[in-house]
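Novice: Sending over a structure as structure tokens; questions will come in a sec.
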Amino acid sequence: MGPWVHGATAPDQGWPVEFGPEASISLNDLHVRWYDAWLKDKDRGIKQESPVRIFVMGANRWRSENEWPLRRTRWTTYYLSSRGNANTASGDGRLGISAGSGEPEDRFTYNPSDPAPTMGGQIAIFPKMWGARDRRSVQQRNDALVYTTEPLSQDLEVTGPVKARIYASTTGVDSDFTATLTDVYPDGRAIHLCEGIRGARFRKSLENPTLLEPGKIYEYTISLWETSNQFKAGRRIRLEISSSNFPRYARNQNTGNPFGMTAQVKTAHQAVLHSTGYPSQLILPVIP
């Protein structure tokens, strides 16, 4: 696992972050060694190597591991918190190890005609959007809820699958909820690490989707896929919650109709809760 986009083997020179000269590898050479070993019985040592190789961003080094997720992982929960004004990075959204109690919910409006744009990630067909991009422009949108830790007192490595569990309601019979993890530098850069999306109608099953009761609170688990990043001392961990990430993901039109069958769109009003009864949270694989 390297600091690249899909299909690449080197970081993009236009990204606002450096990963150092060791980040680039020859994936073709690795492919040839792998196929030689398993298809031609010409093992050049690959069978003796560790089954997992990861590049730890921030530390900017490769490391070999023997399992995935790592056995020594400490699954660590960070709770969302605010006074009801987590909209934009200038709001009062916070991430911390203690759950809130009795806090007001955060609200935003999702308009499919004005979706939050893709900025960073594994998308492979839009070079100006892909990779380790600075998401500050997205985090100034009012339809993005932003939750940030205090500056870290020491380095913190996060390696493995990342997950968000949120409690939310919508005025629609269907909608989406998105989550994005970023590494916030002291100069304000908010560098994309990983992201995910959960279609509300698929909250229980991909095979048997069910529409929502408008206004009802549901639990949504959002997989942000995987990352390996060392948050350096002085930086902050940030989670964004929104309802769109376009064009990487098609817009949910909030109508409940079959996808791609109509041009109709509806605006949805979303609420994200974080209280004793509804402890919305980010779950990180912390490596000691």
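By convention in this document, the chains of the structure tokens carry letters A, B, ... by their order, each chain's residues are numbered from 1, and ligands are numbered from 1 in the order they are shown.
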Contacts of Ala144 (chain A) at 9 Å or less, counting only C-alpha atoms, minus same-chain residues fewer than 6 places along, as a list of chain:residue names?
Specialist: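 After dropping sequence-adjacent residues, the list is A:Ala86, A:Asn87, A:Thr88, A:Ala89, A:Phe108, A:Ala116, A:Val138, A:Glu240, A:Ile241, A:Ser242, A:Ser243.
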Novice: Take the selection from the previous step and output its residues with N, CA and C atoms, as a PDB file, in the first residue's frame.
Specialist:
ATOM      1  N   ALA A  86     -21.208  23.010  13.828  1.00  0.00           N
ATOM      2  CA  ALA A  86     -20.006  22.382  13.272  1.00  0.00           C
ATOM      3  C   ALA A  86     -19.839  22.646  11.778  1.00  0.00           C
ATOM      4  N   ASN A  87     -20.710  23.439  11.183  1.00  0.00           N
ATOM      5  CA  ASN A  87     -20.598  23.731   9.761  1.00  0.00           C
ATOM      6  C   ASN A  87     -19.316  24.491   9.476  1.00  0.00           C
ATOM      7  N   THR A  88     -18.544  24.017   8.499  1.00  0.00           N
ATOM      8  CA  THR A  88     -17.273  24.559   8.036  1.00  0.00           C
ATOM      9  C   THR A  88     -16.176  24.354   9.087  1.00  0.00           C
ATOM     10  N   ALA A  89     -14.943  24.492   8.633  1.00  0.00           N
ATOM     11  CA  ALA A  89     -13.794  24.357   9.524  1.00  0.00           C
ATOM     12  C   ALA A  89     -13.708  25.514  10.517  1.00  0.00           C
ATOM     13  N   PHE A 108     -27.271  20.512   8.375  1.00  0.00           N
ATOM     14  CA  PHE A 108     -26.866  21.099   7.105  1.00  0.00           C
ATOM     15  C   PHE A 108     -27.882  20.730   6.038  1.00  0.00           C
ATOM     16  N   ALA A 116     -21.140  18.779  -2.894  1.00  0.00           N
ATOM     17  CA  ALA A 116     -19.754  19.002  -2.460  1.00  0.00           C
ATOM     18  C   ALA A 116     -18.821  18.332  -3.468  1.00  0.00           C
ATOM     19  N   VAL A 138     -13.275  22.725   0.397  1.00  0.00           N
ATOM     20  CA  VAL A 138     -14.488  21.958   0.693  1.00  0.00           C
ATOM     21  C   VAL A 138     -14.922  22.186   2.133  1.00  0.00           C
ATOM     22  N   GLU A 240     -14.645  15.051   8.294  1.00  0.00           N
ATOM     23  CA  GLU A 240     -15.748  15.778   7.645  1.00  0.00           C
ATOM     24  C   GLU A 240     -16.936  14.841   7.456  1.00  0.00           C
ATOM     25  N   ILE A 241     -18.126  15.368   7.671  1.00  0.00           N
ATOM     26  CA  ILE A 241     -19.356  14.662   7.357  1.00  0.00           C
ATOM     27  C   ILE A 241     -20.158  15.526   6.402  1.00  0.00           C
ATOM     28  N   SER A 242     -20.596  14.935   5.291  1.00  0.00           N
ATOM     29  CA  SER A 242     -21.429  15.655   4.341  1.00  0.00           C
ATOM     30  C   SER A 242     -22.374  14.643   3.690  1.00  0.00           C
ATOM     31  N   SER A 243     -22.915  15.006   2.529  1.00  0.00           N
ATOM     32  CA  SER A 243     -23.832  14.093   1.839  1.00  0.00           C
ATOM     33  C   SER A 243     -23.503  13.919   0.367  1.00  0.00           C
TER      34      SER A 243
END
Novice: I want to know what sits within 6 Å of Gly196 (chain A), based on only C-alpha atoms, with residues of the same chain fewer than 4 positions away left out; could you give that as a ChimeraX atom specification?
Specialist: /A:178-179,223-224
Novice: Let me make sure I understand: among A:Thr210, A:Gln139, A:Gln230, A:Thr171, which one has the smallest atom-to-atom distance to Leu156 (chain A) if we use only C-alpha atoms?
Specialist: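 Answer, going by the shortest atom-to-atom distance: A:Gln230.
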Novice: What residues in region 48-267 of chain A get the DSSP label strand (DSSP E or B)? Please answer as a CSV table (one decimal) with C-alpha atoms, in the first residue's frame.
Specialist:
chain,number,residue,atom,x,y,z
A,52,VAL,CA,2.2,-6.9,3.7
A,53,ARG,CA,4.2,-3.8,2.7
A,54,ILE,CA,2.9,-0.4,3.7
A,55,PHE,CA,4.2,3.2,3.2
A,56,VAL,CA,3.6,5.2,6.4
A,57,MET,CA,2.8,8.8,5.2
A,61,ARG,CA,9.0,5.2,5.1
A,62,TRP,CA,8.2,1.7,4.0
A,63,ARG,CA,7.5,-1.0,6.5
A,64,SER,CA,6.9,-4.8,6.3
A,65,GLU,CA,4.1,-6.4,8.3
A,74,ARG,CA,-5.4,-0.3,19.3
A,75,TRP,CA,-8.9,0.5,18.0
A,76,THR,CA,-9.4,4.1,19.4
A,77,THR,CA,-12.7,6.0,19.4
A,78,TYR,CA,-12.9,9.7,18.9
A,79,TYR,CA,-16.3,11.2,19.5
A,80,LEU,CA,-17.9,14.0,17.6
A,81,SER,CA,-18.9,17.1,19.6
A,87,ASN,CA,-20.6,23.7,9.8
A,94,ARG,CA,-14.5,18.9,17.9
A,95,LEU,CA,-13.1,15.4,18.0
A,96,GLY,CA,-12.2,14.0,21.4
A,106,ASP,CA,-25.6,19.7,13.9
A,107,ARG,CA,-27.6,20.5,10.8
A,108,PHE,CA,-26.9,21.1,7.1
A,109,THR,CA,-28.8,21.2,3.8
A,110,TYR,CA,-27.8,18.9,1.0
A,117,PRO,CA,-16.9,18.5,-5.0
A,121,GLY,CA,-8.7,10.5,-3.0
A,131,GLY,CA,-4.5,12.1,-4.4
A,134,ASP,CA,-5.7,20.2,0.4
A,145,LEU,CA,-19.7,19.4,9.1
A,146,VAL,CA,-16.1,19.5,10.4
A,147,TYR,CA,-14.8,18.0,13.6
A,148,THR,CA,-11.2,18.5,14.7
A,156,LEU,CA,0.3,9.3,16.4
A,157,GLU,CA,0.3,6.5,13.8
A,158,VAL,CA,-3.0,5.5,12.2
A,159,THR,CA,-2.6,2.3,10.0
A,160,GLY,CA,-5.5,0.1,8.9
A,161,PRO,CA,-9.2,0.3,8.2
A,162,VAL,CA,-10.9,3.5,9.3
A,163,LYS,CA,-14.6,3.7,10.2
A,164,ALA,CA,-17.2,6.3,11.1
A,165,ARG,CA,-20.4,5.5,13.0
A,166,ILE,CA,-22.9,8.3,12.9
A,167,TYR,CA,-26.4,8.9,14.1
A,168,ALA,CA,-28.3,11.0,11.7
A,169,SER,CA,-31.7,11.9,10.3
A,170,THR,CA,-32.9,13.4,7.0
A,176,ASP,CA,-26.2,9.7,1.3
A,177,PHE,CA,-23.8,10.4,4.1
A,178,THR,CA,-20.1,10.8,3.4
A,179,ALA,CA,-17.0,10.9,5.7
A,180,THR,CA,-13.5,12.1,5.0
A,181,LEU,CA,-10.4,11.9,7.2
A,182,THR,CA,-7.8,14.7,6.8
A,183,ASP,CA,-4.4,15.5,8.4
A,184,VAL,CA,-4.4,19.2,9.4
A,190,ALA,CA,-6.0,19.8,5.5
A,191,ILE,CA,-4.5,16.9,3.5
A,192,HIS,CA,-6.9,14.1,2.3
A,193,LEU,CA,-6.2,10.7,3.7
A,194,CYS,CA,-9.2,8.5,3.1
A,195,GLU,CA,-12.9,8.7,2.5
A,196,GLY,CA,-16.2,6.7,2.3
A,197,ILE,CA,-19.9,6.9,1.6
A,198,ARG,CA,-23.0,5.2,2.9
A,199,GLY,CA,-26.2,5.3,0.9
A,218,TYR,CA,-30.8,6.0,12.0
A,219,GLU,CA,-27.3,4.6,12.7
A,220,TYR,CA,-25.0,4.6,9.7
A,221,THR,CA,-21.6,2.9,9.5
A,222,ILE,CA,-19.3,4.4,6.9
A,223,SER,CA,-16.1,2.6,5.8
A,224,LEU,CA,-13.4,5.1,4.9
A,225,TRP,CA,-11.3,2.3,3.5
A,226,GLU,CA,-7.7,2.2,4.7
A,227,THR,CA,-4.8,4.5,5.3
A,228,SER,CA,-1.3,4.5,6.9
A,229,ASN,CA,-0.3,7.9,8.3
A,230,GLN,CA,1.7,9.3,11.1
A,231,PHE,CA,0.0,12.5,12.4
A,236,ARG,CA,-4.7,17.7,14.2
A,237,ILE,CA,-7.0,14.9,13.1
A,238,ARG,CA,-10.1,16.1,11.3
A,239,LEU,CA,-13.3,14.3,10.2
A,240,GLU,CA,-15.7,15.8,7.6
A,241,ILE,CA,-19.4,14.7,7.4
A,242,SER,CA,-21.4,15.7,4.3
A,246,PHE,CA,-19.1,14.5,-6.8
Novice: Nearest to Trp4 (chain A): which of A:Arg133, A:Arg141, A:Arg235, A:His269 is it, counting only C-alpha atoms?
Specialist: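 Checking each candidate against Trp4 (chain A), we get A:Arg133 as the closest.
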Novice: Taking the DSSP secondary structure from the backbone, can you list the residues of region 26-249 of chain A that are helix (DSSP H, G or I), as a VMD selection string?
Specialist: chain A and resid 27 to 39 46 to 48 138 to 140 200 to 202
Novice: Check the smallest atom-to-atom distance from each of A:Leu211, A:Leu282, A:Leu152, A:Ala250 to Ser98 (chain A) using only C-alpha atoms, then report the winner.
Specialist: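 Looking at the shortest contact to Ser98 (chain A), the residue is A:Leu282.
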Novice: Of the candidates A:Asp41, A:Gly215, A:Ser175, A:Tyr185, which shows the shortest atom-to-atom distance to Ala200 (chain A), using only C-alpha atoms?
Specialist: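 Closest to Ala200 (chain A), using only C-alpha atoms: A:Ser175.
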Novice: Leaving out Ser153 (chain A) and any residue of its chain fewer than 2 positions from it, which residues lie within 8 Å of it when counting only C-alpha atoms, given as a CSV table (one decimal) with N, CA and C atoms, in the first residue's frame?
Specialist:
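Just written: out.csv:
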chain,number,residue,atom,x,y,z
A,151,PRO,N,-4.4,20.2,18.8
A,151,PRO,CA,-3.1,19.8,18.3
A,151,PRO,C,-2.5,18.6,19.1
A,155,ASP,N,3.6,12.4,18.2
A,155,ASP,CA,3.2,11.7,17.0
A,155,ASP,C,2.2,10.6,17.3
A,233,ALA,N,3.3,15.4,15.8
A,233,ALA,CA,3.0,16.3,16.9
A,233,ALA,C,2.8,17.8,16.4
A,234,GLY,N,1.7,18.4,16.9
A,234,GLY,CA,1.4,19.7,16.4
A,234,GLY,C,0.3,19.7,15.4
Novice: So which one's closest to Asp174 (chain A), A:Ile97, A:Asp187, A:Thr267, A:Gln154? Using only C-alpha atoms, please.
Specialist: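 For Asp174 (chain A), the nearest of the candidates is A:Thr267.
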Novice: Considering only C-alpha atoms, state which residue in the set A:Leu39, A:Ala8, A:Ile217, A:Val17 is at the smallest distance from Tyr278 (chain A).
Specialist: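 Result for the nearest residue to Tyr278 (chain A): A:Ile217.
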Novice: Just give me the gap between CA of Ile125 (chain A) and CA of Asp29 (chain A) in Å, one decimal is fine.
Specialist: 24.3 Å
Novice: Figure out the distance between CA of Pro112 (chain A) and CA of Val265 (chain A), please, to one decimal in Å.
Specialist: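 Interatomic distance, CA of Val265 (chain A) to CA of Pro112 (chain A): 6.4 Å.
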